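Okay, target_24.cif now, which holds mmCIF, C-alpha atoms and all ligand atoms:
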```cif
data_target
loop_
_atom_site.label_atom_id
_atom_site.label_comp_id
_atom_site.auth_asym_id
_atom_site.auth_seq_id
_atom_site.Cartn_x
_atom_site.Cartn_y
_atom_site.Cartn_z
CA MET R 17 -4.11 -15.75 17.56
CA PRO R 18 -2.13 -13.78 20.16
CA GLU R 19 -0.59 -16.33 22.50
CA THR R 20 0.69 -14.21 25.32
CA SER R 21 -2.10 -11.68 25.86
CA LEU R 22 -3.81 -11.90 29.21
CA THR R 23 -6.44 -9.33 28.32
CA LYS R 24 -8.12 -8.61 25.03
CA ALA R 25 -6.18 -6.66 22.47
CA ARG R 26 -8.02 -4.07 20.41
CA TYR R 27 -8.19 -4.51 16.65
CA ILE R 28 -8.53 -1.26 14.73
CA MET R 29 -8.97 -1.30 10.97
CA ILE R 30 -8.55 1.91 8.98
CA GLY R 31 -9.77 1.54 5.41
CA GLY R 32 -10.43 3.82 2.48
CA PHE R 33 -9.61 4.04 -1.19
CA LEU R 34 -6.07 4.20 -2.58
CA GLY R 35 -4.32 7.39 -1.57
CA ALA R 36 -6.94 8.48 0.99
CA GLY R 37 -4.31 8.80 3.73
CA LYS R 38 -4.58 5.50 5.63
CA THR R 39 -0.85 5.01 6.24
CA THR R 40 -0.42 8.65 7.25
CA ALA R 41 -3.32 8.41 9.70
CA ILE R 42 -2.11 5.10 11.12
CA LEU R 43 1.40 6.42 11.66
CA GLN R 44 0.17 9.53 13.48
CA PHE R 45 -2.19 7.52 15.67
CA ALA R 46 0.50 4.94 16.43
CA LYS R 47 2.96 7.70 17.37
CA ARG R 48 0.39 9.22 19.73
CA LEU R 49 -0.25 5.86 21.39
CA HIS R 50 3.47 5.18 21.62
CA GLU R 51 3.98 8.53 23.40
CA GLN R 52 1.34 7.46 25.90
CA GLY R 53 3.24 4.23 26.56
CA VAL R 54 0.75 2.01 24.73
CA GLN R 55 2.24 -0.94 22.82
CA VAL R 56 1.09 -0.88 19.21
CA GLY R 57 1.47 -3.40 16.37
CA LEU R 58 0.82 -2.43 12.76
CA ILE R 59 -0.29 -4.67 9.92
CA THR R 60 0.03 -3.62 6.28
CA ASN R 61 -1.47 -5.40 3.32
CA ASP R 62 -0.97 -5.52 -0.42
CA GLN R 63 -1.64 -7.65 -3.46
CA SER R 64 2.10 -8.00 -4.04
CA ILE R 65 5.49 -7.71 -2.32
CA GLY R 66 7.81 -4.70 -1.95
CA LEU R 67 5.65 -2.24 -0.05
CA VAL R 68 6.33 1.44 0.37
CA ASP R 69 3.94 1.53 3.35
CA THR R 70 5.91 -1.12 5.25
CA ALA R 71 9.21 0.63 4.51
CA LEU R 72 7.76 3.94 5.69
CA LEU R 73 6.30 2.58 8.94
CA GLN R 74 9.43 0.55 9.74
CA SER R 75 11.61 3.61 9.15
CA GLN R 76 9.70 5.24 12.02
CA GLY R 77 10.65 2.39 14.36
CA MET R 78 7.17 0.82 14.44
CA PRO R 79 6.65 -2.94 14.80
CA VAL R 80 5.09 -3.92 11.46
CA GLU R 81 3.99 -7.15 9.86
CA GLU R 82 2.95 -7.17 6.22
CA ILE R 83 0.56 -9.49 4.47
CA THR R 84 1.30 -9.69 0.79
CA GLY R 85 -0.22 -11.55 -2.12
CA GLY R 86 -3.89 -10.86 -1.32
CA CYS R 87 -6.22 -8.83 0.87
CA PHE R 88 -7.06 -9.48 4.55
CA CYS R 89 -10.44 -10.92 3.53
CA CYS R 90 -8.85 -13.56 1.33
CA ARG R 91 -5.91 -14.19 3.67
CA PHE R 92 -7.70 -14.21 6.99
CA GLN R 93 -5.37 -16.80 8.49
CA SER R 94 -2.35 -14.71 7.47
CA LEU R 95 -3.89 -11.79 9.34
CA MET R 96 -4.13 -13.94 12.45
CA ASP R 97 -0.56 -15.18 11.95
CA ALA R 98 0.63 -11.58 11.61
CA ALA R 99 -1.13 -10.68 14.87
CA GLY R 100 0.50 -13.71 16.50
CA ASN R 101 3.97 -12.69 15.28
CA LEU R 102 3.50 -9.16 16.57
CA THR R 103 2.31 -10.49 19.90
CA ARG R 104 5.51 -12.52 20.24
CA THR R 105 7.81 -9.65 19.24
CA ALA R 106 6.05 -6.53 20.55
CA ALA R 107 3.09 -7.67 22.70
CA PRO R 108 0.75 -4.97 21.35
CA GLU R 109 -2.29 -3.88 23.29
CA ILE R 110 -3.56 -2.36 20.07
CA PHE R 111 -3.32 -3.65 16.52
CA ILE R 112 -3.87 -1.18 13.71
CA ALA R 113 -4.43 -2.72 10.32
CA GLU R 114 -4.42 -1.06 6.91
CA PRO R 115 -6.39 -3.02 4.31
CA VAL R 116 -5.67 -2.78 0.59
CA GLY R 117 -7.18 0.46 -0.77
CA SER R 118 -9.14 -1.33 -3.50
CA CYS R 119 -10.67 -3.77 -1.02
CA THR R 120 -14.18 -3.74 0.43
CA ASP R 121 -16.56 -6.02 2.38
CA LEU R 122 -14.23 -5.81 5.38
CA ARG R 123 -17.08 -5.79 7.86
CA ALA R 124 -18.40 -9.18 6.71
CA ALA R 125 -15.10 -10.74 5.71
CA VAL R 126 -12.78 -9.51 8.51
CA SER R 127 -14.45 -7.68 11.42
CA TYR R 128 -17.35 -10.06 12.06
CA PRO R 129 -15.34 -13.28 11.58
CA LEU R 130 -12.68 -11.87 13.89
CA ARG R 131 -15.26 -11.16 16.53
CA ARG R 132 -17.06 -14.46 16.13
CA ILE R 133 -14.00 -16.71 15.97
CA TYR R 134 -11.47 -14.78 18.02
CA GLY R 135 -13.81 -12.73 20.19
CA GLU R 136 -12.02 -13.87 23.35
CA ASP R 137 -8.78 -12.33 22.12
CA PHE R 138 -9.91 -9.14 20.38
CA GLU R 139 -12.18 -6.19 20.89
CA ILE R 140 -13.12 -4.80 17.51
CA ALA R 141 -13.14 -1.02 17.10
CA PRO R 142 -15.57 0.82 14.79
CA LEU R 143 -14.73 0.45 11.10
CA SER R 144 -13.20 3.70 9.83
CA VAL R 145 -13.06 4.63 6.16
CA LEU R 146 -11.01 7.61 5.04
CA VAL R 147 -11.63 9.66 1.91
CA ASP R 148 -9.42 12.04 0.01
CA PRO R 149 -11.73 15.07 -0.30
CA ILE R 150 -10.82 16.03 -3.87
CA ARG R 151 -11.39 12.46 -5.05
CA ALA R 152 -14.62 12.19 -3.04
CA MET R 153 -15.99 15.48 -4.43
CA ARG R 154 -15.41 14.16 -7.94
CA VAL R 155 -16.95 10.79 -7.16
CA LEU R 156 -20.03 12.42 -5.62
CA GLY R 157 -20.41 14.85 -8.52
CA LEU R 158 -19.56 17.97 -6.48
CA ASP R 159 -16.51 18.76 -8.56
CA LYS R 160 -15.35 18.20 -12.11
CA GLY R 161 -12.29 16.15 -12.94
CA LYS R 162 -11.33 12.73 -14.14
CA ALA R 163 -13.07 9.99 -12.16
CA PHE R 164 -12.74 6.24 -12.32
CA SER R 165 -15.07 4.04 -14.33
CA GLU R 166 -18.33 2.75 -12.94
CA LYS R 167 -17.18 -0.59 -11.54
CA VAL R 168 -14.24 0.99 -9.72
CA LEU R 169 -16.71 3.46 -8.26
CA TYR R 170 -18.84 0.50 -7.14
CA VAL R 171 -15.95 -0.59 -4.90
CA TYR R 172 -15.44 2.99 -3.72
CA GLY R 173 -19.13 3.25 -2.81
CA LYS R 174 -19.19 -0.11 -1.01
CA GLN R 175 -16.27 0.98 1.17
CA LEU R 176 -18.29 3.98 2.32
CA GLU R 177 -21.49 2.00 2.73
CA GLU R 178 -19.93 -0.36 5.26
CA ALA R 179 -18.22 2.33 7.35
CA ASP R 180 -19.15 3.14 10.94
CA ILE R 181 -17.13 6.33 10.64
CA ILE R 182 -16.36 8.12 7.37
CA LEU R 183 -13.43 10.50 7.75
CA ILE R 184 -13.07 13.40 5.39
CA ASN R 185 -9.27 13.47 5.52
CA LYS R 186 -6.90 16.24 4.35
CA VAL R 187 -9.20 19.04 5.54
CA ASP R 188 -6.10 21.23 5.52
CA LEU R 189 -6.61 21.28 1.71
CA LEU R 190 -10.31 22.26 1.85
CA THR R 191 -12.26 25.45 2.35
CA GLU R 192 -14.83 25.25 5.11
CA ALA R 193 -17.60 25.60 2.52
CA ASP R 194 -16.31 22.63 0.50
CA CYS R 195 -15.92 20.57 3.65
CA ASP R 196 -19.57 21.30 4.55
CA ARG R 197 -20.76 20.44 1.02
CA LEU R 198 -18.84 17.18 1.09
CA ARG R 199 -20.09 16.30 4.56
CA ASP R 200 -23.71 16.94 3.48
CA ALA R 201 -23.32 14.85 0.34
CA LEU R 202 -21.69 11.97 2.24
CA HIS R 203 -24.36 12.12 4.90
CA ALA R 204 -27.13 12.01 2.29
CA ALA R 205 -25.55 9.06 0.47
CA TYR R 206 -24.36 7.09 3.54
CA PRO R 207 -26.75 7.99 6.38
CA LYS R 208 -25.64 5.12 8.66
CA ALA R 209 -22.12 6.47 9.06
CA GLU R 210 -20.90 9.12 11.43
CA ILE R 211 -18.92 11.69 9.48
CA LEU R 212 -15.85 13.34 10.94
CA SER R 213 -13.36 15.65 9.28
CA ILE R 214 -9.68 15.42 10.06
CA SER R 215 -6.24 16.18 8.81
CA ALA R 216 -4.10 13.14 9.41
CA ARG R 217 -1.15 15.35 8.53
CA THR R 218 -1.72 18.26 10.92
CA GLY R 219 -3.69 16.39 13.58
CA GLN R 220 -6.73 18.65 13.17
CA GLY R 221 -9.88 16.93 14.44
CA VAL R 222 -8.26 13.61 15.29
CA ASP R 223 -8.92 13.57 19.04
CA ASP R 224 -12.62 12.67 18.80
CA TRP R 225 -11.82 9.95 16.31
CA TYR R 226 -9.05 8.46 18.47
CA GLU R 227 -11.43 8.40 21.41
CA ARG R 228 -14.01 6.47 19.38
CA LEU R 229 -11.37 4.05 18.16
CA LEU R 230 -10.12 3.36 21.68
CA GLN R 231 -13.43 3.13 23.46
CA ASP R 232 -16.21 2.08 21.10
CA GLU R 233 -17.05 -1.21 19.46
CA ILE R 234 -17.95 -1.85 15.85
CA ASP R 235 -21.66 -1.40 15.17
CA ASN R 236 -23.72 -4.61 14.97
CA ARG R 237 -25.59 -3.81 11.82
CA GLU R 238 -25.93 -6.12 8.86
CA ALA R 239 -23.06 -5.81 6.38
CA PRO R 240 -24.02 -4.39 2.97
CA GLU R 241 -24.61 -6.87 0.19
CA VAL R 242 -21.72 -7.03 -2.24
CA ASP R 243 -21.93 -8.32 -5.81
CA TYR R 244 -18.59 -10.10 -6.05
CA GLU R 245 -18.68 -10.16 -9.86
CA VAL R 246 -18.88 -6.37 -10.04
CA TYR R 247 -16.41 -6.00 -7.17
CA ALA R 248 -13.92 -8.33 -8.92
CA ASP R 249 -14.32 -6.46 -12.22
CA GLY R 250 -13.86 -3.12 -10.46
CA GLU R 251 -10.69 -4.25 -8.69
CA ALA R 252 -9.34 -5.79 -11.89
CA LEU R 253 -9.73 -2.50 -13.76
CA LEU R 254 -6.96 -1.13 -11.56
CA GLY R 255 -3.51 -1.98 -12.83
CA TRP R 256 -1.05 -2.69 -10.04
CA LEU R 257 2.72 -2.36 -10.24
CA ASN R 258 5.35 -2.97 -7.57
CA ALA R 259 9.01 -2.68 -8.44
CA ALA R 260 12.29 -2.60 -6.52
CA VAL R 261 15.55 -1.48 -8.07
CA THR R 262 19.00 -1.26 -6.53
CA LEU R 263 21.14 1.45 -7.98
CA ASP R 264 24.76 2.48 -7.87
CA ALA R 265 25.69 5.93 -9.17
CA PRO R 266 29.07 6.98 -10.59
CA ALA R 267 29.04 10.03 -8.27
CA PRO R 268 26.89 11.40 -5.39
CA PHE R 269 23.50 12.64 -6.61
CA ASP R 270 20.37 14.38 -5.31
CA GLY R 271 17.95 11.51 -4.54
CA ASN R 272 15.02 13.86 -3.84
CA ALA R 273 15.33 15.39 -7.30
CA LEU R 274 15.59 11.95 -8.90
CA LEU R 275 12.29 10.84 -7.32
CA SER R 276 10.56 14.04 -8.47
CA ARG R 277 11.83 13.57 -12.03
CA ILE R 278 10.61 9.97 -12.16
CA ALA R 279 7.18 11.02 -10.80
CA ALA R 280 6.82 13.86 -13.30
CA ALA R 281 7.73 11.59 -16.21
CA LEU R 282 5.30 8.88 -15.07
CA GLN R 283 2.54 11.45 -14.58
CA ASP R 284 2.99 12.78 -18.14
CA ARG R 285 3.21 9.35 -19.66
CA LEU R 286 0.10 7.98 -17.92
CA ALA R 287 -1.90 11.13 -18.73
CA ALA R 288 -1.01 10.59 -22.39
CA GLU R 289 -2.28 7.00 -22.07
CA GLY R 290 -5.55 8.21 -20.49
CA ALA R 291 -4.76 6.23 -17.33
CA GLU R 292 -6.07 7.79 -14.10
CA ILE R 293 -3.53 7.42 -11.30
CA ALA R 294 -5.02 6.22 -8.02
CA HIS R 295 -1.73 6.29 -6.12
CA LEU R 296 1.92 6.47 -7.07
CA LYS R 297 4.25 6.10 -4.11
CA MET R 298 7.99 5.72 -4.17
CA THR R 299 10.79 5.44 -1.68
CA LEU R 300 14.50 5.89 -2.17
CA SER R 301 16.76 4.64 0.60
CA PRO R 302 20.54 5.02 0.67
CA GLY R 303 22.56 1.85 1.20
CA GLU R 304 23.73 3.12 4.59
CA GLY R 305 21.86 4.79 7.44
CA ASN R 306 18.14 5.19 8.05
CA ASP R 307 17.43 8.14 5.80
CA LEU R 308 14.52 7.76 3.38
CA ALA R 309 12.94 9.83 0.62
CA VAL R 310 9.20 9.26 0.11
CA LEU R 311 7.13 10.70 -2.72
CA ASN R 312 3.37 10.42 -3.31
CA LEU R 313 0.95 11.35 -6.07
CA VAL R 314 -2.76 10.60 -5.60
CA ARG R 315 -4.41 11.82 -8.83
CA GLY R 316 -3.49 12.13 -12.48
CA ASP R 317 -3.81 15.91 -12.17
CA GLY R 318 -2.40 16.05 -8.62
CA ILE R 319 0.88 17.48 -7.41
CA ALA R 320 3.60 15.02 -6.47
CA GLU R 321 4.55 15.52 -2.82
CA SER R 322 7.85 14.67 -1.18
CA ILE R 323 6.74 13.76 2.32
CA HIS R 324 10.23 12.75 3.47
CA ARG R 325 13.38 14.16 1.94
CA LEU R 326 16.92 12.83 2.11
CA GLN R 327 19.25 15.01 4.14
CA ASP R 328 22.31 14.34 2.01
CA GLU R 329 23.26 13.30 -1.46
CA MET R 330 23.51 9.55 -1.98
CA GLU R 331 25.53 7.23 -4.18
CA SER R 332 23.81 3.86 -3.94
CA GLY R 333 20.60 2.47 -2.55
CA GLU R 334 17.17 1.05 -3.30
CA LEU R 335 14.25 2.55 -5.18
CA ILE R 336 10.78 1.09 -4.52
CA ILE R 337 7.86 1.99 -6.78
CA ASN R 338 4.23 1.17 -6.00
CA LEU R 339 1.85 2.38 -8.70
CA ARG R 340 -1.90 1.84 -8.92
CA ALA R 341 -3.84 3.32 -11.85
CA GLU R 342 -6.90 2.49 -13.88
CA THR R 343 -5.26 0.99 -16.94
CA ASP R 344 -3.74 -2.14 -18.40
CA PRO R 345 -0.83 -3.25 -16.13
CA ALA R 346 1.30 -3.76 -19.26
CA ILE R 347 1.11 0.01 -19.80
CA LEU R 348 2.32 0.62 -16.25
CA ARG R 349 5.18 -1.79 -16.68
CA ALA R 350 6.30 -0.31 -20.01
CA ALA R 351 6.12 3.21 -18.55
CA VAL R 352 8.12 2.33 -15.43
CA GLU R 353 10.75 0.32 -17.31
CA SER R 354 11.40 2.99 -19.91
CA ILE R 355 11.35 5.95 -17.50
CA VAL R 356 13.53 4.27 -14.88
CA GLY R 357 15.86 3.12 -17.68
CA ASP R 358 16.14 6.68 -19.03
CA MET R 359 16.62 8.32 -15.65
CA LEU R 360 19.22 5.83 -14.45
CA VAL R 361 21.10 5.52 -17.70
CA ASN R 362 24.52 6.18 -16.18
CA PHE R 363 23.89 4.14 -13.04
CA GLY R 364 24.63 0.53 -12.27
CA VAL R 365 21.10 -0.83 -11.98
CA THR R 366 19.66 -4.18 -10.81
CA LEU R 367 15.96 -4.75 -11.17
CA GLU R 368 15.33 -6.78 -8.01
CA HIS R 369 11.63 -7.21 -8.56
CA ILE R 370 8.95 -6.01 -10.92
CA GLU R 371 5.40 -7.18 -11.05
CA ALA R 372 2.47 -5.65 -12.93
CA PHE R 373 -0.95 -7.28 -12.78
CA ARG R 374 -4.66 -6.92 -12.22
CA PRO R 375 -5.78 -8.11 -8.78
CA GLY R 376 -7.53 -11.49 -8.93
CA LYS R 377 -11.13 -12.09 -7.96
CA PRO R 378 -11.53 -11.65 -4.20
CA MET R 379 -12.59 -14.88 -2.48
CA PRO R 380 -12.98 -14.26 1.24
CA THR R 381 -12.03 -17.00 3.68
CA TYR R 382 -15.18 -16.21 5.69
CA ARG R 383 -18.18 -14.05 5.00
CA MET R 384 -20.47 -13.30 7.91
CA ALA R 385 -23.00 -10.62 7.11
CA MET R 386 -24.33 -10.52 10.68
CA ALA R 387 -22.34 -9.69 13.78
N1 LIG E 401 -2.54 17.58 2.79
C1 LIG E 401 -2.70 16.40 3.36
N2 LIG E 401 -2.15 15.32 2.79
C2 LIG E 401 -2.33 14.13 3.39
C3 LIG E 401 -3.06 13.99 4.60
N3 LIG E 401 -3.09 12.67 4.92
C4 LIG E 401 -2.38 12.03 3.96
N4 LIG E 401 -1.93 12.91 3.04
C5 LIG E 401 -1.10 12.62 1.86
O1 LIG E 401 -1.84 11.79 0.96
C6 LIG E 401 -0.93 10.94 0.26
C7 LIG E 401 -1.38 9.50 0.41
O2 LIG E 401 -1.29 9.15 1.77
P1 LIG E 401 -1.14 7.64 2.28
O3 LIG E 401 -1.23 7.70 3.77
O4 LIG E 401 0.02 7.00 1.68
O5 LIG E 401 -2.48 7.02 1.65
P2 LIG E 401 -3.00 5.51 1.74
O6 LIG E 401 -4.48 5.59 1.94
O7 LIG E 401 -2.25 4.76 2.77
O8 LIG E 401 -2.69 4.97 0.28
P3 LIG E 401 -2.60 3.43 -0.22
O9 LIG E 401 -1.80 2.67 0.76
O10 LIG E 401 -1.97 3.50 -1.56
O11 LIG E 401 -4.01 2.94 -0.35
C8 LIG E 401 0.44 11.22 0.86
O12 LIG E 401 1.11 12.17 0.06
C9 LIG E 401 0.12 11.82 2.21
O13 LIG E 401 1.13 12.68 2.70
C10 LIG E 401 -3.62 15.17 5.18
O14 LIG E 401 -4.27 15.16 6.22
N5 LIG E 401 -3.40 16.33 4.52
MG MG E 402 -1.10 3.07 2.58
#
```

Represent the supplied structure as structure tokens.
Amino acid sequence: MPETSLTKARYIMIGGFLGAGKTTAILQFAKRLHEQGVQVGLITNDQSIGLVDTALLQSQGMPVEEITGGCFCCRFQSLMDAAGNLTRTAAPEIFIAEPVGSCTDLRAAVSYPLRRIYGEDFEIAPLSVLVDPIRAMRVLGLDKGKAFSEKVLYVYGKQLEEADIILINKVDLLTEADCDRLRDALHAAYPKAEILSISARTGQGVDDWYERLLQDEIDNREAPEVDYEVYADGEALLGWLNAAVTLDAPAPFDGNALLSRIAAALQDRLAAEGAEIAHLKMTLSPGEGNDLAVLNLVRGDGIAESIHRLQDEMESGELIINLRAETDPAILRAAVESIVGDMLVNFGVTLEHIEAFRPGKPMPTYRMAMA
């Protein structure tokens, strides 16, 4: 619980499936607030340690706390501790939290408990859920392409069902006609949600959303029912891998090219295994300075994007890999170990951390279906 706040802080949660653009949207919103002199605190979340999202947000000078080893719902007290730590270090007026992208039931397991137990400390903003439009068109049957299996799609659907605001993100990638088709299909399937379209990257359409997030309160409606057996099975179908490697090269090398080569090799290997990638994200940071290379891939047939590039060649540093795909985690681990081994064959390499697993059954600390 924030200890030093005299007025209520605002708690904003921005959800959505893996790769939908949550971190990008949070960073842009936080930058905007920062420019306006508003103190912001960010909270990231993952099933494991070694997070690309935390590294990315910290590299932008943002106060960030991360909750690892389980989702907000299952680690509710850790969420409150993270808010307390941020209050001590940065005194935020606004907290922006990014839940795990395979997590749902946030309304009942986070928003309503927060309001009921800590309502004197927090105002709770509407629950936003972002979608990647290409993924959403496939899920809703508007477009062909590899989709996830049924139980993973159950989780995807539940995320949308509980949203106050569904955001069609990445509209910079869509034709107007496709955006309209997607909006109509989302509206038909999830009539309770307001649907906005934005580009977190370019800032298109974000102003109305920001206004809602800063002024409105979460809706009071009953949270959707969630079958935790199906939800747990759906989450467990997604293999999860986090790895951190320190590397030391015999001579300066192009770090941007190295990341692209690793991504291309992983993409080929996982396609051959029939594993649909939900999100591959990697960072490469030189041992000195604040420079950072960041690469993302959000579909098996997507194009890997370097969203930050290193200015100079590097000689030593740290590589972080976060990979989520629908497959056996042992396949992810074997792929990462062999590809990283091949690519770094002439380097001095220390594997600091590698973990590949299926997320465990979610067991929320609280579940309050009614506001
Ligand atoms: N073209 C385009 N790309 C975007 C936009 N927003 C996000 N992206 C890209 O989508 C990819 C995934 O974005 P993230 O913000 O990391 O997604 P996320 O939802 O936080 O993903 P997880 O944390 O893995 O669940 C990155 O390559 C982003 O640059 C957008 O508005 N337009
Ligand atoms: Mg993220």

Item to complete: Using only C-alpha atoms, determine which residues lie at most 12 Å from Leu263 in chain R, disregarding the query and same-chain residues fewer than 2 positions distant; provide the list as a ChimeraX atom specification.
Response: /R:260-261,265-269,271,274,300-303,330-336,356-357,359-368

Worksheet item: Given a cut-off of 8 Å, what residues near ligand LIG 401 (chain E) show up using only C-alpha atoms and all ligand atoms, put as JSON, numbers by chain?
Response: {"R": [31, 32, 33, 34, 35, 36, 37, 38, 39, 40, 41, 42, 69, 114, 115, 116, 117, 118, 146, 148, 185, 186, 187, 188, 189, 214, 215, 216, 217, 218, 219, 294, 295, 296, 297, 311, 312, 313, 314, 320, 321, 322, 323, 338, 340]}

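CA of Val246 in chain R is found 22.5 Å from CA of Leu339 in chain R.
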
Practice prompt. Return the single residue from R:Arg315, R:Lys208, R:His324, R:Arg48 that is closest to Leu286 in chain R, with distances computed using only C-alpha atoms.
Written response: R:Arg315

Worksheet item: Taking only C-alpha atoms into account, which of R:Gly290, R:Pro129, R:Gly86, R:Pro108 comes nearest Gly316 in chain R?
Response: R:Gly290

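Of the residues listed (R:Met29, R:Leu156, R:Cys90, R:Ala309), R:Leu156 shows the shortest atom-to-atom separation from Asp200 in chain R; distances use all atoms listed in the file.
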
With a distance cut-off of 9 Å and all atoms listed in the file, select the neighbouring residues of range 70-79 of chain R, excluding the residue or stretch itself and same-chain residues fewer than 4 positions from it, and output the selection as an mmCIF file with C-alpha atoms, keeping the file's coordinate frame.
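After the write, selection.cif holds the following:
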```cif
data_model
loop_
_atom_site.group_PDB
_atom_site.id
_atom_site.type_symbol
_atom_site.label_atom_id
_atom_site.label_comp_id
_atom_site.auth_asym_id
_atom_site.auth_seq_id
_atom_site.Cartn_x
_atom_site.Cartn_y
_atom_site.Cartn_z
ATOM 1 C CA THR R 39 -0.850 5.010 6.240
ATOM 2 C CA LEU R 43 1.400 6.420 11.660
ATOM 3 C CA ALA R 46 0.500 4.940 16.430
ATOM 4 C CA LYS R 47 2.960 7.700 17.370
ATOM 5 C CA VAL R 56 1.090 -0.880 19.210
ATOM 6 C CA GLY R 57 1.470 -3.400 16.370
ATOM 7 C CA LEU R 58 0.820 -2.430 12.760
ATOM 8 C CA ILE R 59 -0.290 -4.670 9.920
ATOM 9 C CA THR R 60 0.030 -3.620 6.280
ATOM 10 C CA ASN R 61 -1.470 -5.400 3.320
ATOM 11 C CA GLY R 66 7.810 -4.700 -1.950
ATOM 12 C CA LEU R 102 3.500 -9.160 16.570
ATOM 13 C CA THR R 105 7.810 -9.650 19.240
ATOM 14 C CA ALA R 106 6.050 -6.530 20.550
ATOM 15 C CA THR R 299 10.790 5.440 -1.680
ATOM 16 C CA ASN R 306 18.140 5.190 8.050
ATOM 17 C CA ASP R 307 17.430 8.140 5.800
ATOM 18 C CA LEU R 308 14.520 7.760 3.380
ATOM 19 C CA VAL R 310 9.200 9.260 0.110
#
```

Worksheet item: For the atom pair CA of Glu292 in chain R and CA of Ala341 in chain R, what is the interatomic distance in Å to one decimal place?
Response: 5.5 Å

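Restricting the calculation to all atoms listed in the file, the smallest distance between Gln175 in chain R and any of R:Phe45, R:Tyr134, R:Tyr247, R:Tyr382 is found for R:Tyr247.
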
Worksheet item: Near range 224-236 of chain R, counting only C-alpha atoms, which residues have an atom at most 7 Å away, once you skip same-chain residues fewer than 4 positions from it, shown as a PyMOL selection string?
Response: chain R and resi 28+140-143+180+387

Residues at most 10 Å from Met153 in chain R, counting only C-alpha atoms, excluding those fewer than 6 positions away in the same chain, as a CSV table (one decimal) with C-alpha atoms, in the coordinates of the input?
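Printed below is result.csv as written:
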```csv
chain,number,residue,atom,x,y,z
R,147,VAL,CA,-11.6,9.7,1.9
R,159,ASP,CA,-16.5,18.8,-8.6
R,160,LYS,CA,-15.4,18.2,-12.1
R,161,GLY,CA,-12.3,16.2,-12.9
R,163,ALA,CA,-13.1,10.0,-12.2
R,194,ASP,CA,-16.3,22.6,0.5
R,195,CYS,CA,-15.9,20.6,3.6
R,197,ARG,CA,-20.8,20.4,1.0
R,198,LEU,CA,-18.8,17.2,1.1
R,199,ARG,CA,-20.1,16.3,4.6
R,201,ALA,CA,-23.3,14.8,0.3
R,202,LEU,CA,-21.7,12.0,2.2
```

Response to the item:
Nearest to Ser127 in chain R, restricted to all atoms listed in the file and choosing among R:Ser144, R:Ser64, R:Thr343, R:Gln52, comes out as R:Ser144

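Closest to ligand MG 402 (chain E) among R:Leu212, R:Val242, R:Met96, R:Ala113 is R:Ala113, based on only C-alpha atoms and all ligand atoms.
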
Item to complete: Would you kindly return, as a list in words, each protein, DNA or RNA residue with an atom no farther than 9 Å from any atom of Arg374 in chain R, considering only C-alpha atoms and excluding same-chain residues fewer than 6 positions away?
Response: Glu251, Ala252, Leu253, Leu254, Gly255, Trp256, Leu257, Asp344 and Pro345 of chain R
